[in-house]
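Have a look at the structure below, then the notes.
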Amino acid sequence: MHSPAPRRRWLAWALLLAAPTAFAQSPQCGLFKADEGSATLRISSPNRGEQKHFGSAPSPVAFQQIDGKLQLVNLEYGLPSTLQVRDRGRTVEVDGTVYLLQAPAQCAAAATPADGSCLADAAACLDNRREATPTALEAGCLEGVPGMCLQLADRWHDEAKPTVEADPALAKAALDAALSGIKLPAACNNGGFEQGTPACAAALEADPAVQEQLVKAAMTAAMTEAMVTMTAPTVPVIIPAERRQQLLRLCREVPHGGFCTRVAELSWDAGDPQQAVQALAAACTPGNDTATCERLPALQAVGASLQPQAATVLPCGNYRSDGGLMDTLDFGDAGLVGVGWGSHLRARVEAGDIRIHHDRGGDFVLRPLPGGQLLGLDTWTRFQVFSPTGEGPARCSAPKQFNVLPLPQDCPLALANEDGAEACCTQGKLQGCNILGNRLALSGNWLQAAEHYTTVCRAGVREGCDNLVTAQGNGAELDARATLEQLCKADRSGLHVACDVLGTQNWELITLGGALQKAVDEAAVDDAPAPRNSNRKR
């Protein structure tokens with residue numbers, strides 16, 4: 001009779017080898033909801049699903065084995081996350097969020113991606129998308145991988161950006177300023193350094209200290225040039241029409257909310273609102289509850305009349321929009337525009353645009369439509385239609401033309417050199433004073449910053465006046481209103497930019513905000529632990 005021991009050992013080995021398959025859990029199919037918050041995860045097959053967070057379009061996901069573990073790969077962002085499956089597949093955890101099965105559903109058959117396709121290894125495909133060719137990006141997009149679609153749109157957007165050339169005179173000035181104070185060897189004088197003579201090169205090679213100073217000077221000059229280029233005025237990026245049409249075709253074939261919204265934005269910026277509405281219509285499918293989709297019905301209602309016209313005069317009366325950061329525009333006398341909460345801005349007509357200056361250093365930009373509405377064109381009011389309500393004044397006085405000077409770019413070295421801003425400000429260069437004020441503000445010294453902002457404002461530069469108001473709103477012990485009144489009266493024309501900033505502020509709200517900020521700062525100081533006495537002998 002055989003001993004039962006070999007049979008038991010064989011059975012134990014069989015169970016051990018079968019364990020990974022027999023006891024591994026897979027999530028069930030159906031709709032899962034996060035136990036906290038409103039995020040959902042819909043699993044439709046063993047390797048496909050959809051993830052959604054509040055206020056965003058749903059994103060398709062793939063389930064993929066990576067390093068022996070089942071992971072969720074977001075096909076929009078390309079981020080793999082380990083799945084933890086519990087309770088016989090009725091509970092899954094992704095990046096710390098626990099999802100509970102709410103509505104079970106029948107699983108569809110697992111999709112079998114073609115060899116070499118993006119979905120065959122979605123994680124690697126998306127990880128390498130920045131180096132992929134446009135052909136590969138388009139192929140991945142057509143597979144239903146929105147991350148590849150978005151990368152193609154971004155690639156074509158970047159290629160359409162105009163090149164910003166550095167000003168040679170500015171570059172030379174930055175280099176000369178960086179080189180000033182460096183004592184060169186005698187062999188480098190009289191043009192030896194500029195011409196790179198052998199004698200100068202030999203002298204520099206023999207002096208490591210001067211070499212180090214020159215390297216630092218070159219880096220400072222390069223940094224200054226780069227920062228000046230970065231702060232240059234931006235111009236619209238217009239993707240060629242053929243590429244925009246191709247993106248729209250892809251959007252219709254892969255109607256992912258995030259991608260189609262991006263196509264709509266690019267079309268809008270290119271001055272083609274009709275094409276933008278087509279892309280938005282593809283983006284705003286059921287389940288996509290983003291703020292942008294709330295604006296689609298108003299755009300569709302305008303229909304063929306969605307053709308912005310050049311403005312010649314400012315509107316008069318009240319306008320409203322459905323949704324958006326700013327949904328109220330009450331045009332009144334002297335170009336003042338009420339925007340709700342007791343706040344006013346100033347409007348003007350410039351090159352056919354209705355421009356409304358805001359305190360973020362730019363303008364809201366609108367144009368009239370044939371039906372009498374106003375269409376928002378800038379990034380803040382994009383896709384918004386403002387319709388007249390029939391309320392407000394029937395006639396408005398002409399807007400005031402205030403004297404506003406652009407901030408001079410007269411101190412490029414101040415951008416890269418901490419001491420440069422103070423030196424420039426002492427010399428009366430306004431860019432240096434403004435940068436110095438900003439640095440003081442960033443360190444919390446709002447009162448000192450306000451002194452430099454006042455200098456800039458007095459010269460007629462709007463940034464200085466706006467920054468003064470910001471200083472008071474951050475709890476600085478100053479009366480920006482009184483300072484602006486003084487500057488306005490001193491000009492005597494009533495058209496100094498300080499007069500404009502003075503008349504477009506909600507001073508009650510600013511005063512309240514400053515008082516609250518001051519109270520918060522004082523409470524923080526009171527709650528700080530007392531410094532410990534040092535035991536070190538002196």
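Here, A, B, ... name the chains of the structure tokens in the order displayed, residue numbers run from 1 inside each chain, and ligands are numbered from 1 in the same displayed order.
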
Exercise for review: Report as a ChimeraX atom specification: the residues of segment 179-406 of chain A with a DSSP assignment of strand (DSSP E), based on the backbone of this structure.
Suggested key: /A:317-320,328-331,336-338,344-350,353-358,362-368,374-376,385-388

**Study point:** segment 420-437 of chain A environment, 7 Å, only C-alpha atoms, sequence neighbours closer than 3 positions dropped, as number ranges by chain
**Key:** A: 407-411, 413-414, 417, 440-441, 449-450, 452-453, 456, 464

Export, as a JSON list (two decimals), in the first residue's frame, the selected residues with all heavy atoms.
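This went into out_18.json:
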[["chain", "number", "residue", "atom", "x", "y", "z"],
["A", 407, "LEU", "N", 4.95, 100.35, -19.15],
["A", 407, "LEU", "CA", 6.10, 100.23, -18.25],
["A", 407, "LEU", "C", 7.37, 100.12, -19.08],
["A", 407, "LEU", "O", 7.51, 99.18, -19.87],
["A", 407, "LEU", "CB", 5.95, 99.00, -17.35],
["A", 407, "LEU", "CG", 7.09, 98.74, -16.35],
["A", 407, "LEU", "CD1", 7.18, 99.87, -15.34],
["A", 407, "LEU", "CD2", 6.90, 97.41, -15.65],
["A", 408, "PRO", "N", 8.29, 101.05, -18.96],
["A", 408, "PRO", "CA", 9.52, 101.00, -19.78],
["A", 408, "PRO", "C", 10.33, 99.75, -19.45],
["A", 408, "PRO", "O", 10.44, 99.35, -18.30],
["A", 408, "PRO", "CB", 10.28, 102.27, -19.38],
["A", 408, "PRO", "CG", 9.29, 103.14, -18.69],
["A", 408, "PRO", "CD", 8.29, 102.23, -18.06],
["A", 409, "GLN", "N", 10.88, 99.14, -20.49],
["A", 409, "GLN", "CA", 11.79, 98.00, -20.30],
["A", 409, "GLN", "C", 13.22, 98.55, -20.31],
["A", 409, "GLN", "O", 14.02, 98.24, -21.19],
["A", 409, "GLN", "CB", 11.57, 96.97, -21.41],
["A", 409, "GLN", "CG", 10.14, 96.46, -21.49],
["A", 409, "GLN", "CD", 9.68, 95.79, -20.19],
["A", 409, "GLN", "OE1", 10.33, 94.85, -19.72],
["A", 409, "GLN", "NE2", 8.59, 96.26, -19.62],
["A", 410, "ASP", "N", 13.50, 99.37, -19.31],
["A", 410, "ASP", "CA", 14.77, 100.12, -19.29],
["A", 410, "ASP", "C", 15.78, 99.53, -18.32],
["A", 410, "ASP", "O", 16.82, 100.15, -18.06],
["A", 410, "ASP", "CB", 14.49, 101.58, -18.93],
["A", 410, "ASP", "CG", 13.70, 101.74, -17.63],
["A", 410, "ASP", "OD1", 13.42, 100.71, -16.98],
["A", 410, "ASP", "OD2", 13.33, 102.88, -17.29],
["A", 411, "CYS", "N", 15.51, 98.35, -17.78],
["A", 411, "CYS", "CA", 16.44, 97.78, -16.80],
["A", 411, "CYS", "C", 16.46, 96.27, -16.92],
["A", 411, "CYS", "O", 16.02, 95.56, -16.01],
["A", 411, "CYS", "CB", 16.03, 98.21, -15.39],
["A", 411, "CYS", "SG", 17.17, 97.67, -14.10],
["A", 413, "LEU", "N", 18.80, 94.15, -16.68],
["A", 413, "LEU", "CA", 19.66, 93.47, -15.72],
["A", 413, "LEU", "C", 18.92, 93.21, -14.40],
["A", 413, "LEU", "O", 19.26, 92.28, -13.67],
["A", 413, "LEU", "CB", 20.91, 94.31, -15.45],
["A", 413, "LEU", "CG", 22.09, 93.59, -14.78],
["A", 413, "LEU", "CD1", 22.56, 92.42, -15.64],
["A", 413, "LEU", "CD2", 23.24, 94.55, -14.53],
["A", 414, "ALA", "N", 17.88, 94.01, -14.12],
["A", 414, "ALA", "CA", 17.14, 93.85, -12.87],
["A", 414, "ALA", "C", 16.41, 92.52, -12.81],
["A", 414, "ALA", "O", 16.11, 92.01, -11.73],
["A", 414, "ALA", "CB", 16.14, 94.99, -12.70],
["A", 417, "ASN", "N", 19.44, 90.03, -11.79],
["A", 417, "ASN", "CA", 20.41, 90.43, -10.77],
["A", 417, "ASN", "C", 19.67, 91.06, -9.60],
["A", 417, "ASN", "O", 18.92, 92.03, -9.77],
["A", 417, "ASN", "CB", 21.42, 91.42, -11.37],
["A", 417, "ASN", "CG", 22.59, 91.68, -10.43],
["A", 417, "ASN", "OD1", 22.41, 91.82, -9.23],
["A", 417, "ASN", "ND2", 23.79, 91.74, -10.99],
["A", 440, "LEU", "N", 9.98, 93.05, -2.82],
["A", 440, "LEU", "CA", 9.64, 93.38, -1.43],
["A", 440, "LEU", "C", 8.27, 92.81, -1.07],
["A", 440, "LEU", "O", 8.06, 92.31, 0.04],
["A", 440, "LEU", "CB", 9.67, 94.89, -1.24],
["A", 440, "LEU", "CG", 11.05, 95.54, -1.25],
["A", 440, "LEU", "CD1", 10.94, 97.06, -1.40],
["A", 440, "LEU", "CD2", 11.80, 95.20, 0.05],
["A", 441, "ALA", "N", 7.33, 92.88, -2.02],
["A", 441, "ALA", "CA", 5.99, 92.36, -1.77],
["A", 441, "ALA", "C", 6.02, 90.85, -1.55],
["A", 441, "ALA", "O", 5.34, 90.32, -0.66],
["A", 441, "ALA", "CB", 5.06, 92.71, -2.93],
["A", 449, "ALA", "N", 7.23, 98.11, -0.36],
["A", 449, "ALA", "CA", 6.92, 97.92, -1.78],
["A", 449, "ALA", "C", 6.06, 99.06, -2.30],
["A", 449, "ALA", "O", 6.25, 99.53, -3.43],
["A", 449, "ALA", "CB", 6.21, 96.58, -1.98],
["A", 450, "ALA", "N", 5.12, 99.53, -1.47],
["A", 450, "ALA", "CA", 4.20, 100.59, -1.90],
["A", 450, "ALA", "C", 4.93, 101.88, -2.24],
["A", 450, "ALA", "O", 4.49, 102.64, -3.12],
["A", 450, "ALA", "CB", 3.17, 100.84, -0.81],
["A", 452, "HIS", "N", 7.78, 102.14, -3.78],
["A", 452, "HIS", "CA", 8.27, 102.02, -5.16],
["A", 452, "HIS", "C", 7.11, 101.98, -6.16],
["A", 452, "HIS", "O", 7.21, 102.52, -7.26],
["A", 452, "HIS", "CB", 9.13, 100.77, -5.28],
["A", 452, "HIS", "CG", 10.32, 100.78, -4.37],
["A", 452, "HIS", "ND1", 11.36, 101.68, -4.52],
["A", 452, "HIS", "CD2", 10.62, 100.03, -3.27],
["A", 452, "HIS", "CE1", 12.27, 101.47, -3.57],
["A", 452, "HIS", "NE2", 11.84, 100.48, -2.80],
["A", 453, "TYR", "N", 6.00, 101.36, -5.77],
["A", 453, "TYR", "CA", 4.83, 101.37, -6.64],
["A", 453, "TYR", "C", 4.31, 102.79, -6.85],
["A", 453, "TYR", "O", 3.86, 103.14, -7.94],
["A", 453, "TYR", "CB", 3.72, 100.50, -6.04],
["A", 453, "TYR", "CG", 4.02, 99.02, -6.00],
["A", 453, "TYR", "CD1", 3.49, 98.19, -5.00],
["A", 453, "TYR", "CD2", 4.82, 98.42, -6.97],
["A", 453, "TYR", "CE1", 3.75, 96.84, -4.96],
["A", 453, "TYR", "CE2", 5.09, 97.06, -6.93],
["A", 453, "TYR", "CZ", 4.55, 96.28, -5.92],
["A", 453, "TYR", "OH", 4.81, 94.93, -5.89],
["A", 456, "VAL", "N", 6.25, 104.48, -9.56],
["A", 456, "VAL", "CA", 5.86, 104.01, -10.89],
["A", 456, "VAL", "C", 4.50, 104.60, -11.28],
["A", 456, "VAL", "O", 4.29, 105.03, -12.41],
["A", 456, "VAL", "CB", 5.82, 102.47, -10.92],
["A", 456, "VAL", "CG1", 5.38, 101.96, -12.29],
["A", 456, "VAL", "CG2", 7.20, 101.90, -10.57],
["A", 464, "GLY", "N", 1.97, 100.37, -11.63],
["A", 464, "GLY", "CA", 2.29, 100.92, -10.32],
["A", 464, "GLY", "C", 1.05, 101.25, -9.53],
["A", 464, "GLY", "O", 0.96, 100.96, -8.32]]

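Atom pair atom CA of Val237 of chain A / atom CA of Asn288 of chain A: separated by 27.1 Å.
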
With only C-alpha atoms as the counted atoms, please give the residues lying no more than 8 Å from Ala310 of chain A, apart from itself and same-chain residues fewer than 3 positions off, as a CSV table (one decimal) with C-alpha atoms, in the first residue's frame.
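Resulting contents of around_29.csv:
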chain,number,residue,atom,x,y,z
A,351,ALA,CA,-8.7,98.4,-33.2
A,352,GLY,CA,-12.3,97.2,-33.4
A,353,ASP,CA,-12.2,95.5,-30.0
A,367,ARG,CA,-16.8,92.2,-30.2
A,368,PRO,CA,-20.4,92.8,-31.2

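Neighbouring residues of His357 of chain A at 12 Å or closer, counting only C-alpha atoms and skipping chain neighbours under 4 positions away, are A:Gly335, A:Leu336, A:Val337, A:Val339, A:His344, A:Leu345, A:Arg346, A:Ala347, A:Arg348, A:Val349, A:Glu350, A:Gly361, A:Gly362, A:Asp363, A:Phe364, A:Val365, A:Leu366, A:Asp378, A:Val404, A:Arg462, A:Glu463, A:Asp466, A:Asp500, A:Val501, A:Thr504.
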
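Excluding Ala111 of chain A itself and any same-chain residue fewer than 5 positions from it, the protein and nucleic acid residues within 12 Å of it, counting only C-alpha atoms, are Ser44, Ser45, Pro46, Asn47, Arg48, Gly49, Ala62, Phe63, Gln64, Leu119, Ala120 and Glu143 of chain A.
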
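Comparing the minimum interatomic distances between Gln28 of chain A and each of A:Glu131, A:Asp330, A:Asp289, A:Asp87, counting only C-alpha atoms, we find that A:Asp87 sits nearest.
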
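Note that the spacing between atom CA of Glu508 of chain A and atom CA of Arg481 of chain A amounts to 10.7 Å.
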
Point to revise | Trp507 of chain A environment, 10 Å, only C-alpha atoms, sequence neighbours closer than 4 positions dropped, as a ChimeraX atom specification | key: /A:342-343,469,473,480-481,502-503,511-513

Check your understanding: To one decimal place, how far is atom CA of Val302 of chain A from atom CA of Phe386 of chain A in Å?
Key -> 11.1 Å
